[in-house]
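K.L.:
Got structure-v1.pdb for you, PDB, C-alpha atoms and all ligand atoms:
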```
ATOM      1  CA  MET A 278      23.163 -24.563  19.281  1.00  0.00           C
ATOM      2  CA  LYS A 279      23.671 -25.471  15.625  1.00  0.00           C
ATOM      3  CA  LYS A 280      26.233 -28.175  14.919  1.00  0.00           C
ATOM      4  CA  GLU A 281      27.341 -30.230  11.987  1.00  0.00           C
ATOM      5  CA  ILE A 282      28.532 -33.801  11.730  1.00  0.00           C
ATOM      6  CA  GLU A 283      29.637 -36.016   8.887  1.00  0.00           C
ATOM      7  CA  LEU A 284      27.628 -39.215   8.618  1.00  0.00           C
ATOM      8  CA  GLN A 285      28.154 -41.631   5.738  1.00  0.00           C
ATOM      9  CA  GLN A 286      30.045 -38.953   3.784  1.00  0.00           C
ATOM     10  CA  LYS A 287      27.197 -36.476   4.202  1.00  0.00           C
ATOM     11  CA  LYS A 288      27.355 -33.290   6.188  1.00  0.00           C
ATOM     12  CA  ILE A 289      24.357 -33.332   8.479  1.00  0.00           C
ATOM     13  CA  GLU A 290      23.216 -30.318  10.467  1.00  0.00           C
ATOM     14  CA  TYR A 291      21.718 -30.734  13.887  1.00  0.00           C
ATOM     15  CA  THR A 292      20.587 -28.706  16.836  1.00  0.00           C
ATOM     16  CA  LEU A 293      22.293 -29.586  20.087  1.00  0.00           C
ATOM     17  CA  ARG A 294      20.322 -29.066  23.265  1.00  0.00           C
ATOM     18  CA  LEU A 295      22.128 -29.462  26.552  1.00  0.00           C
ATOM     19  CA  SER A 296      19.600 -30.236  29.224  1.00  0.00           C
ATOM     20  CA  LYS A 297      19.827 -30.221  32.999  1.00  0.00           C
ATOM     21  CA  ARG A 298      17.075 -32.798  33.224  1.00  0.00           C
ATOM     22  CA  ALA A 299      18.212 -35.197  30.513  1.00  0.00           C
ATOM     23  CA  ARG A 300      19.739 -38.367  31.957  1.00  0.00           C
ATOM     24  CA  ARG A 301      20.910 -39.788  28.679  1.00  0.00           C
ATOM     25  CA  MET A 302      21.358 -38.733  25.082  1.00  0.00           C
ATOM     26  CA  ARG A 303      18.388 -38.602  22.786  1.00  0.00           C
ATOM     27  CA  LEU A 304      18.129 -38.169  19.025  1.00  0.00           C
ATOM     28  CA  ALA A 305      15.004 -36.924  17.302  1.00  0.00           C
ATOM     29  CA  ILE A 306      14.266 -36.311  13.656  1.00  0.00           C
ATOM     30  CA  TYR A 307      11.123 -34.433  12.781  1.00  0.00           C
ATOM     31  CA  ARG A 308       8.887 -34.461   9.755  1.00  0.00           C
ATOM     32  CA  ASP A 309      10.399 -31.256   8.434  1.00  0.00           C
ATOM     33  CA  GLY A 310      13.829 -32.900   8.524  1.00  0.00           C
ATOM     34  CA  ALA A 311      15.004 -31.091  11.666  1.00  0.00           C
ATOM     35  CA  PHE A 312      17.524 -33.173  13.608  1.00  0.00           C
ATOM     36  CA  VAL A 313      17.693 -32.472  17.333  1.00  0.00           C
ATOM     37  CA  VAL A 314      20.165 -34.007  19.746  1.00  0.00           C
ATOM     38  CA  THR A 315      19.469 -33.683  23.450  1.00  0.00           C
ATOM     39  CA  ALA A 316      22.294 -34.457  25.860  1.00  0.00           C
ATOM     40  CA  PRO A 317      22.849 -34.151  29.616  1.00  0.00           C
ATOM     41  CA  GLN A 318      24.483 -30.840  30.473  1.00  0.00           C
ATOM     42  CA  PHE A 319      28.027 -32.013  31.179  1.00  0.00           C
ATOM     43  CA  VAL A 320      28.532 -34.503  28.381  1.00  0.00           C
ATOM     44  CA  GLY A 321      31.383 -33.504  26.086  1.00  0.00           C
ATOM     45  CA  LEU A 322      31.072 -32.974  22.353  1.00  0.00           C
ATOM     46  CA  THR A 323      33.289 -35.976  21.542  1.00  0.00           C
ATOM     47  CA  THR A 324      30.968 -38.306  23.447  1.00  0.00           C
ATOM     48  CA  ILE A 325      27.961 -36.748  21.760  1.00  0.00           C
ATOM     49  CA  GLU A 326      29.473 -37.168  18.314  1.00  0.00           C
ATOM     50  CA  GLN A 327      30.435 -40.765  18.978  1.00  0.00           C
ATOM     51  CA  PHE A 328      26.883 -41.439  20.048  1.00  0.00           C
ATOM     52  CA  ILE A 329      25.476 -39.924  16.845  1.00  0.00           C
ATOM     53  CA  LEU A 330      28.010 -41.850  14.740  1.00  0.00           C
ATOM     54  CA  ARG A 331      26.888 -45.126  16.263  1.00  0.00           C
ATOM     55  CA  LYS A 332      23.330 -44.271  15.227  1.00  0.00           C
ATOM     56  CA  SER A 333      24.256 -42.886  11.815  1.00  0.00           C
ATOM     57  CA  GLU A 334      22.341 -45.511   9.872  1.00  0.00           C
ATOM     58  CA  TRP A 335      19.155 -44.718  11.770  1.00  0.00           C
ATOM     59  CA  VAL A 336      19.674 -40.954  11.391  1.00  0.00           C
ATOM     60  CA  ILE A 337      20.284 -41.089   7.635  1.00  0.00           C
ATOM     61  CA  GLY A 338      17.359 -43.470   7.170  1.00  0.00           C
ATOM     62  CA  LYS A 339      14.964 -41.168   9.008  1.00  0.00           C
ATOM     63  CA  ILE A 340      16.115 -38.061   7.163  1.00  0.00           C
ATOM     64  CA  GLU A 341      15.675 -39.828   3.830  1.00  0.00           C
ATOM     65  CA  TYR A 342      12.257 -41.111   4.897  1.00  0.00           C
ATOM     66  CA  PHE A 343      10.993 -37.641   5.794  1.00  0.00           C
ATOM     67  CA  LYS A 344      12.262 -36.093   2.555  1.00  0.00           C
ATOM     68  CA  GLN A 345       9.237 -37.461   0.713  1.00  0.00           C
ATOM     69  CA  PHE A 346       6.960 -35.305   2.871  1.00  0.00           C
ATOM     70  CA  SER A 347       8.834 -32.055   2.367  1.00  0.00           C
ATOM     71  CA  GLY A 348       6.487 -29.226   1.501  1.00  0.00           C
ATOM     72  CA  ARG A 349       3.438 -31.088   2.783  1.00  0.00           C
ATOM     73  CA  ILE A 350       1.247 -29.832   5.527  1.00  0.00           C
ATOM     74  CA  PHE A 351      -0.196 -32.150   8.113  1.00  0.00           C
ATOM     75  CA  ILE A 352      -3.421 -31.350   9.849  1.00  0.00           C
ATOM     76  CA  LYS A 353      -5.289 -33.433  12.359  1.00  0.00           C
ATOM     77  CA  ASN A 354      -9.022 -33.612  11.866  1.00  0.00           C
ATOM     78  CA  THR A 355     -10.644 -33.961  15.268  1.00  0.00           C
ATOM     79  CA  LYS A 356     -13.460 -32.306  17.219  1.00  0.00           C
ATOM     80  CA  GLN A 357     -10.934 -30.900  19.690  1.00  0.00           C
ATOM     81  CA  GLU A 358      -8.931 -29.300  16.892  1.00  0.00           C
ATOM     82  CA  PHE A 359     -12.113 -27.783  15.517  1.00  0.00           C
ATOM     83  CA  ALA A 360     -13.073 -26.324  18.902  1.00  0.00           C
ATOM     84  CA  LEU A 361      -9.564 -25.014  19.325  1.00  0.00           C
ATOM     85  CA  HIS A 362      -9.211 -23.247  15.979  1.00  0.00           C
ATOM     86  CA  LYS A 363     -12.784 -22.310  15.038  1.00  0.00           C
ATOM     87  CA  GLU A 364     -12.617 -18.823  16.520  1.00  0.00           C
ATOM     88  CA  SER A 365      -9.248 -17.884  15.047  1.00  0.00           C
ATOM     89  CA  ALA A 366     -10.366 -19.228  11.652  1.00  0.00           C
ATOM     90  CA  LEU A 367     -13.384 -16.902  11.766  1.00  0.00           C
ATOM     91  CA  MET A 368     -11.267 -13.917  12.779  1.00  0.00           C
ATOM     92  CA  LEU A 369      -8.811 -14.681   9.998  1.00  0.00           C
ATOM     93  CA  ALA A 370     -11.576 -15.066   7.393  1.00  0.00           C
ATOM     94  CA  ILE A 371     -13.303 -11.808   8.347  1.00  0.00           C
ATOM     95  CA  GLU A 372     -10.078  -9.854   8.523  1.00  0.00           C
ATOM     96  CA  ARG A 373      -8.710 -11.114   5.191  1.00  0.00           C
ATOM     97  CA  MET A 374     -12.076 -10.822   3.404  1.00  0.00           C
ATOM     98  CA  ALA A 375     -12.227  -7.151   4.408  1.00  0.00           C
ATOM     99  CA  HIS A 376      -8.638  -6.706   3.236  1.00  0.00           C
ATOM    100  CA  PHE A 377      -9.159  -8.231  -0.216  1.00  0.00           C
ATOM    101  CA  ASN A 378     -12.558  -6.653  -0.636  1.00  0.00           C
ATOM    102  CA  GLU A 379     -10.843  -3.304  -0.992  1.00  0.00           C
ATOM    103  CA  ILE A 380     -10.116  -4.580  -4.511  1.00  0.00           C
ATOM    104  CA  TYR A 381     -13.459  -6.223  -5.205  1.00  0.00           C
ATOM    105  CA  GLN A 382     -16.087  -4.196  -3.340  1.00  0.00           C
ATOM    106  CA  PHE A 383     -18.437  -7.177  -3.087  1.00  0.00           C
ATOM    107  CA  SER A 384     -21.036  -7.725  -0.396  1.00  0.00           C
ATOM    108  CA  TRP A 385     -21.809 -11.000   1.336  1.00  0.00           C
ATOM    109  CA  GLY A 386     -24.158 -12.539   3.873  1.00  0.00           C
ATOM    110  CA  LYS A 387     -23.023 -14.769   6.706  1.00  0.00           C
ATOM    111  CA  VAL A 388     -19.516 -16.097   7.209  1.00  0.00           C
ATOM    112  CA  THR A 389     -19.331 -19.420   9.056  1.00  0.00           C
ATOM    113  CA  ILE A 390     -16.621 -21.879   9.972  1.00  0.00           C
ATOM    114  CA  ARG A 391     -17.193 -25.602   9.578  1.00  0.00           C
ATOM    115  CA  ASN A 392     -15.410 -28.838  10.188  1.00  0.00           C
ATOM    116  CA  GLN A 393     -15.276 -30.463   6.789  1.00  0.00           C
ATOM    117  CA  LYS A 394     -13.211 -33.344   5.552  1.00  0.00           C
ATOM    118  CA  THR A 395     -13.134 -32.602   1.853  1.00  0.00           C
ATOM    119  CA  ARG A 396     -13.680 -28.885   1.335  1.00  0.00           C
ATOM    120  CA  TRP A 397     -11.765 -25.749   2.165  1.00  0.00           C
ATOM    121  CA  GLY A 398     -14.695 -23.464   1.634  1.00  0.00           C
ATOM    122  CA  SER A 399     -17.895 -22.758  -0.225  1.00  0.00           C
ATOM    123  CA  CYS A 400     -20.113 -19.912  -1.280  1.00  0.00           C
ATOM    124  CA  SER A 401     -23.890 -20.226  -1.522  1.00  0.00           C
ATOM    125  CA  LYS A 402     -26.116 -18.567  -4.093  1.00  0.00           C
ATOM    126  CA  LYS A 403     -27.409 -16.348  -1.298  1.00  0.00           C
ATOM    127  CA  GLY A 404     -23.892 -15.052  -0.749  1.00  0.00           C
ATOM    128  CA  ASN A 405     -23.163 -16.892   2.477  1.00  0.00           C
ATOM    129  CA  ILE A 406     -19.592 -18.053   2.708  1.00  0.00           C
ATOM    130  CA  ASN A 407     -18.170 -20.845   4.804  1.00  0.00           C
ATOM    131  CA  PHE A 408     -14.638 -21.936   5.439  1.00  0.00           C
ATOM    132  CA  ASN A 409     -13.001 -25.000   6.839  1.00  0.00           C
ATOM    133  CA  TYR A 410     -11.491 -24.240  10.267  1.00  0.00           C
ATOM    134  CA  LYS A 411      -8.196 -25.600   8.940  1.00  0.00           C
ATOM    135  CA  ILE A 412      -7.564 -22.322   7.103  1.00  0.00           C
ATOM    136  CA  ALA A 413      -6.261 -21.151  10.478  1.00  0.00           C
ATOM    137  CA  LEU A 414      -3.564 -23.831  10.316  1.00  0.00           C
ATOM    138  CA  LEU A 415      -2.331 -23.185   6.800  1.00  0.00           C
ATOM    139  CA  PRO A 416       0.541 -20.943   5.759  1.00  0.00           C
ATOM    140  CA  ALA A 417      -0.849 -17.414   5.363  1.00  0.00           C
ATOM    141  CA  HIS A 418      -0.502 -17.240   1.570  1.00  0.00           C
ATOM    142  CA  ILE A 419      -2.491 -20.460   1.110  1.00  0.00           C
ATOM    143  CA  ALA A 420      -5.249 -19.324   3.486  1.00  0.00           C
ATOM    144  CA  ASP A 421      -5.385 -16.054   1.541  1.00  0.00           C
ATOM    145  CA  TYR A 422      -5.866 -17.910  -1.710  1.00  0.00           C
ATOM    146  CA  ILE A 423      -8.776 -19.929  -0.256  1.00  0.00           C
ATOM    147  CA  ILE A 424     -10.394 -16.774   1.083  1.00  0.00           C
ATOM    148  CA  VAL A 425     -10.032 -14.934  -2.238  1.00  0.00           C
ATOM    149  CA  HIS A 426     -11.353 -17.985  -4.096  1.00  0.00           C
ATOM    150  CA  GLU A 427     -14.627 -17.967  -2.153  1.00  0.00           C
ATOM    151  CA  LEU A 428     -14.832 -14.195  -2.280  1.00  0.00           C
ATOM    152  CA  CYS A 429     -14.695 -14.314  -6.090  1.00  0.00           C
ATOM    153  CA  HIS A 430     -17.566 -16.815  -6.212  1.00  0.00           C
ATOM    154  CA  LEU A 431     -19.775 -13.971  -5.018  1.00  0.00           C
ATOM    155  CA  LYS A 432     -19.441 -12.572  -8.531  1.00  0.00           C
ATOM    156  CA  GLU A 433     -18.672 -15.659 -10.641  1.00  0.00           C
ATOM    157  CA  PHE A 434     -20.496 -18.779  -9.578  1.00  0.00           C
ATOM    158  CA  ASN A 435     -18.231 -21.126 -11.548  1.00  0.00           C
ATOM    159  CA  HIS A 436     -14.598 -21.739 -12.397  1.00  0.00           C
ATOM    160  CA  SER A 437     -14.634 -19.934 -15.737  1.00  0.00           C
ATOM    161  CA  ARG A 438     -11.869 -17.821 -17.211  1.00  0.00           C
ATOM    162  CA  ASN A 439     -13.599 -14.748 -15.785  1.00  0.00           C
ATOM    163  CA  PHE A 440     -13.484 -16.311 -12.352  1.00  0.00           C
ATOM    164  CA  TRP A 441      -9.733 -16.979 -12.486  1.00  0.00           C
ATOM    165  CA  ASN A 442      -9.071 -13.490 -13.844  1.00  0.00           C
ATOM    166  CA  LEU A 443     -10.906 -12.151 -10.850  1.00  0.00           C
ATOM    167  CA  VAL A 444      -8.835 -14.300  -8.465  1.00  0.00           C
ATOM    168  CA  ALA A 445      -5.650 -13.135 -10.198  1.00  0.00           C
ATOM    169  CA  GLN A 446      -6.443  -9.522  -9.340  1.00  0.00           C
ATOM    170  CA  ALA A 447      -5.689 -10.270  -5.698  1.00  0.00           C
ATOM    171  CA  ILE A 448      -3.421 -13.307  -6.122  1.00  0.00           C
ATOM    172  CA  PRO A 449      -1.456 -13.196  -9.387  1.00  0.00           C
ATOM    173  CA  GLY A 450       0.446 -16.374  -8.461  1.00  0.00           C
ATOM    174  CA  HIS A 451      -2.683 -18.417  -7.659  1.00  0.00           C
ATOM    175  CA  ARG A 452      -1.613 -21.310  -9.912  1.00  0.00           C
ATOM    176  CA  GLU A 453       1.458 -21.991  -7.784  1.00  0.00           C
ATOM    177  CA  VAL A 454      -0.511 -21.676  -4.591  1.00  0.00           C
ATOM    178  CA  ARG A 455      -3.067 -24.177  -5.896  1.00  0.00           C
ATOM    179  CA  ALA A 456      -0.306 -26.622  -6.733  1.00  0.00           C
ATOM    180  CA  GLU A 457       1.025 -26.238  -3.202  1.00  0.00           C
ATOM    181  CA  LEU A 458      -2.417 -26.739  -1.747  1.00  0.00           C
ATOM    182  CA  LYS A 459      -2.862 -29.975  -3.684  1.00  0.00           C
ATOM    183  CA  LYS A 460       0.063 -31.454  -1.788  1.00  0.00           C
ATOM    184  CA  THR A 461      -1.776 -31.067   1.514  1.00  0.00           C
ATOM    185  CA  GLY A 462      -4.028 -33.661   3.073  1.00  0.00           C
ATOM    186  CA  VAL A 463      -7.374 -32.272   1.943  1.00  0.00           C
ATOM    187  CA  SER A 464      -7.690 -30.219  -1.170  1.00  0.00           C
ATOM    188  CA  PHE A 465     -11.199 -30.069  -2.595  1.00  0.00           C
ATOM    189  CA  PHE A 466     -13.290 -27.105  -3.532  1.00  0.00           C
TER     190      PHE A 466
HETATM  191 ZN    ZN A 501     -14.500 -22.663  -6.378  1.00  0.00          ZN
END
```
Rewrite the structure from the file as structure tokens, please.

P.N.:
Amino acid sequence: MKKEIELQQKKIEYTLRLSKRARRMRLAIYRDGAFVVTAPQFVGLTTIEQFILRKSEWVIGKIEYFKQFSGRIFIKNTKQEFALHKESALMLAIERMAHFNEIYQFSWGKVTIRNQKTRWGSCSKKGNINFNYKIALLPAHIADYIIVHELCHLKEFNHSRNFWNLVAQAIPGHREVRAELKKTGVSFF
């Protein structure tokens, strides 16, 4: 359940989880700023609040620390992750390419998924397109932008004004999406 507590003159929201298995109280602050308090089932709210108050310096410090990452996306780059997400990345790419191609009516060759450190996707002169498996882990609107970007290289093999006009047909707000993408771990084209 959602709760609120005042720590160092700041109202801080937290999620309280009462657990049958928990033996003692536990505080956790996540990268997205979420603050979760786990307590044994029959501990009263006063005790819980006193516990949080005693740790207020730590709580505030952590929340402040994680603020710098807000809006960023974290993706692990391992072989296991690749194996795990390769298939869904391919399904996503094929499905969204078909969707956006209703606008463009382009044709392409092979679509492949790769594990790359520095690129989100590429398009060869032969019209083969490849994507980084991490598109499956991005917010949908960012993955869409990457897919449209490569799709448009089928027609414009550069980043000219014509190219961006083409991208804008499917994604009018592509500038903002690109700015968002830059904040992520890997952001090369
Ligand atoms: Zn490009």

K.L.:
For Val336 in chain A, which residue among A:Pro416, A:Pro449, A:Gly310, A:Pro317 is the nearest when counting all atoms listed in the file?

P.N.:
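Using all atoms listed in the file, Val336 in chain A sits closest to A:Gly310.
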
K.L.:
In the coordinates of the file, take the point (11.6, -37.1, 8.9) and a cut-off of 10 Å; then, counting only C-alpha atoms, name each qualifying protein, DNA or RNA residue as a list in words.

P.N.:
Ala305, Ile306, Tyr307, Arg308, Asp309, Gly310, Ala311, Phe312, Val336, Ile337, Gly338, Lys339, Ile340, Glu341, Tyr342, Phe343, Lys344, Gln345, Phe346 and Ser347 of chain A

K.L.:
Would you list the residues that come within 8 Å of ligand ZN 501 (chain A)? Count only C-alpha atoms and all ligand atoms and give the answer as a list of chain:residue names.

P.N.:
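Every residue with an atom at most 8 Å from ligand ZN 501 (chain A) is listed here: A:Ser399, A:His426, A:Glu427, A:His430, A:Phe434, A:Asn435, A:His436, A:Phe466.
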
K.L.:
Select, from A:Leu414, A:Ala447, A:Ile423, A:Cys429, the residue with the minimum atom-to-atom distance to Asn354 in chain A, counting all atoms listed in the file.

P.N.:
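Ranked by minimum distance to Asn354 in chain A, first place goes to A:Leu414.
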
K.L.:
Tell me which residues the PyMOL selection byres (((chain A and resi 377) around 9) and not hetatm) grabs here, as a ChimeraX atom specification.

P.N.:
/A:372-376,378-382,421,424-425,428,447

K.L.:
Only C-alpha atoms, please: the residues just picked out, written as a CSV table (one decimal), keeping the file's coordinate frame.

P.N.:
```
chain,number,residue,atom,x,y,z
A,372,GLU,CA,-10.1,-9.9,8.5
A,373,ARG,CA,-8.7,-11.1,5.2
A,374,MET,CA,-12.1,-10.8,3.4
A,375,ALA,CA,-12.2,-7.2,4.4
A,376,HIS,CA,-8.6,-6.7,3.2
A,378,ASN,CA,-12.6,-6.7,-0.6
A,379,GLU,CA,-10.8,-3.3,-1.0
A,380,ILE,CA,-10.1,-4.6,-4.5
A,381,TYR,CA,-13.5,-6.2,-5.2
A,382,GLN,CA,-16.1,-4.2,-3.3
A,421,ASP,CA,-5.4,-16.1,1.5
A,424,ILE,CA,-10.4,-16.8,1.1
A,425,VAL,CA,-10.0,-14.9,-2.2
A,428,LEU,CA,-14.8,-14.2,-2.3
A,447,ALA,CA,-5.7,-10.3,-5.7
```

K.L.:
Nearest to Glu281 in chain A: which of A:Val314, A:Arg303, A:Lys402, A:Tyr422 is it, counting all atoms listed in the file?

P.N.:
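Looking only at the distances to Glu281 in chain A, the closest residue turns out to be A:Val314.
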
K.L.:
What does the distance between CA of Ile419 in chain A and CA of Leu458 in chain A come to in Å, to one decimal place?

P.N.:
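CA of Leu458 in chain A lies 6.9 Å from CA of Ile419 in chain A.
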
K.L.:
I'd like the contact shell of Met302 in chain A - 9 Å cut-off, all atoms listed in the file, skipping same-chain residues fewer than 6 positions apart - returned as a PyMOL selection string.

P.N.:
chain A and resi 314-317+320+325+328

K.L.:
Between A:Gln285, A:His451, A:Glu290, A:Asn392, which residue has the minimum interatomic distance to Arg331 in chain A, considering only C-alpha atoms?

P.N.:
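Looking at the shortest contact to Arg331 in chain A, the residue is A:Gln285.
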
K.L.:
Go through A:Gln286, A:Thr395, A:Thr323, A:Thr389 one by one, measure the shortest atom-to-atom distance of each to Ala370 in chain A using only C-alpha atoms, and give the residue with the smallest value.

P.N.:
A:Thr389

K.L.:
Please write as a list in words the full residue list that the PyMOL selection byres (((chain A and resi 362) around 12) and not hetatm) yields on this file.

P.N.:
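In the shown coordinates, the PyMOL selection byres (((chain A and resi 362) around 12) and not hetatm) covers Ile352, Lys353, Asn354, Thr355, Lys356, Gln357, Glu358, Phe359, Ala360, Leu361, Lys363, Glu364, Ser365, Ala366, Leu367, Met368, Leu369, Ile390, Arg391, Asn392, Phe408, Asn409, Tyr410, Lys411, Ile412, Ala413, Leu414 and Leu415 of chain A.
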
K.L.:
Please report the interatomic distance between CA of Arg455 in chain A and CA of Ala417 in chain A in Å with one decimal.

P.N.:
13.3 Å

K.L.:
Using all atoms listed in the file, which of the listed residues (A:Val313, A:Lys288, A:Phe440, A:Leu304) sits closest to Lys332 in chain A?

P.N.:
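Residue with the minimum atom-to-atom distance to Lys332 in chain A: A:Leu304.
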
K.L.:
Can you measure CA of Glu433 in chain A to CA of Lys460 in chain A for me? One decimal in Å is fine.

P.N.:
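CA of Lys460 in chain A lies at a distance of 26.1 Å from CA of Glu433 in chain A.
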
K.L.:
Please provide as a PyMOL selection string all residues within 9 Å of Trp385 in chain A, with the sequence filter that same-chain residues fewer than 5 positions apart are discarded (counting all atoms listed in the file).

P.N.:
chain A and resi 403-406+428+431

K.L.:
If the box runs along x, y and z of the file and leaves 3 Å on each side of range 433-444 of chain A, what are its centre and edge lengths in Å, one decimal, as lines of an AutoDock Vina configuration file?

P.N.:
```
center_x = -14.7
center_y = -16.9
center_z = -12.8
size_x = 17.7
size_y = 15.6
size_z = 14.7
```

K.L.:
Copy range 340-423 of chain A out of the block into a file, keeping C-alpha atoms, as a tab-separated table (two decimals), in the first residue's frame.

P.N.:
```tsv
chain	number	residue	atom	x	y	z
A	340	ILE	CA	16.80	9.16	-3.55
A	341	GLU	CA	19.01	12.13	-4.40
A	342	TYR	CA	21.66	9.82	-5.85
A	343	PHE	CA	19.19	8.10	-8.18
A	344	LYS	CA	17.71	11.39	-9.40
A	345	GLN	CA	20.65	11.86	-11.75
A	346	PHE	CA	19.63	8.71	-13.63
A	347	SER	CA	16.00	9.64	-14.10
A	348	GLY	CA	14.88	9.10	-17.66
A	349	ARG	CA	17.80	6.81	-18.45
A	350	ILE	CA	17.43	3.27	-19.56
A	351	PHE	CA	19.76	0.57	-18.36
A	352	ILE	CA	20.43	-2.47	-20.45
A	353	LYS	CA	22.78	-5.31	-19.72
A	354	ASN	CA	24.87	-6.48	-22.63
A	355	THR	CA	25.49	-10.19	-22.22
A	356	LYS	CA	25.20	-13.34	-24.34
A	357	GLN	CA	22.38	-14.59	-22.12
A	358	GLU	CA	20.42	-11.38	-22.62
A	359	PHE	CA	20.91	-11.70	-26.36
A	360	ALA	CA	19.65	-15.29	-26.38
A	361	LEU	CA	16.72	-14.28	-24.25
A	362	HIS	CA	15.52	-11.32	-26.30
A	363	LYS	CA	16.64	-12.13	-29.85
A	364	GLU	CA	13.36	-13.75	-30.88
A	365	SER	CA	11.09	-11.06	-29.46
A	366	ALA	CA	13.28	-8.37	-31.05
A	367	LEU	CA	12.79	-10.03	-34.45
A	368	MET	CA	9.03	-10.33	-33.95
A	369	LEU	CA	8.86	-6.69	-32.91
A	370	ALA	CA	10.95	-5.53	-35.89
A	371	ILE	CA	8.89	-7.47	-38.43
A	372	GLU	CA	5.58	-6.43	-36.94
A	373	ARG	CA	6.46	-2.72	-36.69
A	374	MET	CA	8.15	-2.62	-40.12
A	375	ALA	CA	4.94	-3.97	-41.67
A	376	HIS	CA	2.94	-1.40	-39.71
A	377	PHE	CA	5.00	1.61	-40.79
A	378	ASN	CA	5.41	0.34	-44.32
A	379	GLU	CA	1.74	1.06	-44.89
A	380	ILE	CA	2.98	4.65	-45.19
A	381	TYR	CA	6.15	3.99	-47.15
A	382	GLN	CA	5.46	0.96	-49.36
A	383	PHE	CA	9.15	0.02	-49.49
A	384	SER	CA	10.52	-3.46	-50.02
A	385	TRP	CA	13.46	-5.01	-48.19
A	386	GLY	CA	15.58	-8.14	-48.09
A	387	LYS	CA	16.51	-9.94	-44.90
A	388	VAL	CA	15.82	-8.72	-41.38
A	389	THR	CA	18.30	-9.95	-38.77
A	390	ILE	CA	18.92	-9.33	-35.10
A	391	ARG	CA	22.44	-8.84	-33.80
A	392	ASN	CA	24.22	-8.27	-30.56
A	393	GLN	CA	26.04	-5.00	-31.07
A	394	LYS	CA	27.64	-2.69	-28.59
A	395	THR	CA	27.51	0.57	-30.48
A	396	ARG	CA	24.68	0.41	-33.00
A	397	TRP	CA	20.92	0.17	-32.81
A	398	GLY	CA	20.51	-0.87	-36.39
A	399	SER	CA	21.77	-0.68	-39.94
A	400	CYS	CA	20.60	-1.00	-43.49
A	401	SER	CA	22.79	-2.40	-46.26
A	402	LYS	CA	22.86	-1.25	-49.87
A	403	LYS	CA	21.20	-4.54	-50.78
A	404	GLY	CA	18.26	-3.63	-48.57
A	405	ASN	CA	19.00	-6.00	-45.72
A	406	ILE	CA	18.18	-4.53	-42.36
A	407	ASN	CA	19.55	-5.49	-38.98
A	408	PHE	CA	18.63	-4.40	-35.51
A	409	ASN	CA	20.23	-4.62	-32.13
A	410	TYR	CA	18.33	-7.10	-29.93
A	411	LYS	CA	18.04	-4.34	-27.34
A	412	ILE	CA	15.18	-2.76	-29.31
A	413	ALA	CA	13.05	-5.33	-27.50
A	414	LEU	CA	14.01	-3.73	-24.19
A	415	LEU	CA	13.35	-0.12	-25.09
A	416	PRO	CA	10.15	1.83	-24.52
A	417	ALA	CA	7.89	1.21	-27.53
A	418	HIS	CA	8.12	4.74	-28.97
A	419	ILE	CA	11.93	4.61	-29.01
A	420	ALA	CA	11.99	1.17	-30.64
A	421	ASP	CA	9.54	2.51	-33.24
A	422	TYR	CA	11.84	5.40	-34.03
A	423	ILE	CA	14.81	3.03	-34.57
```
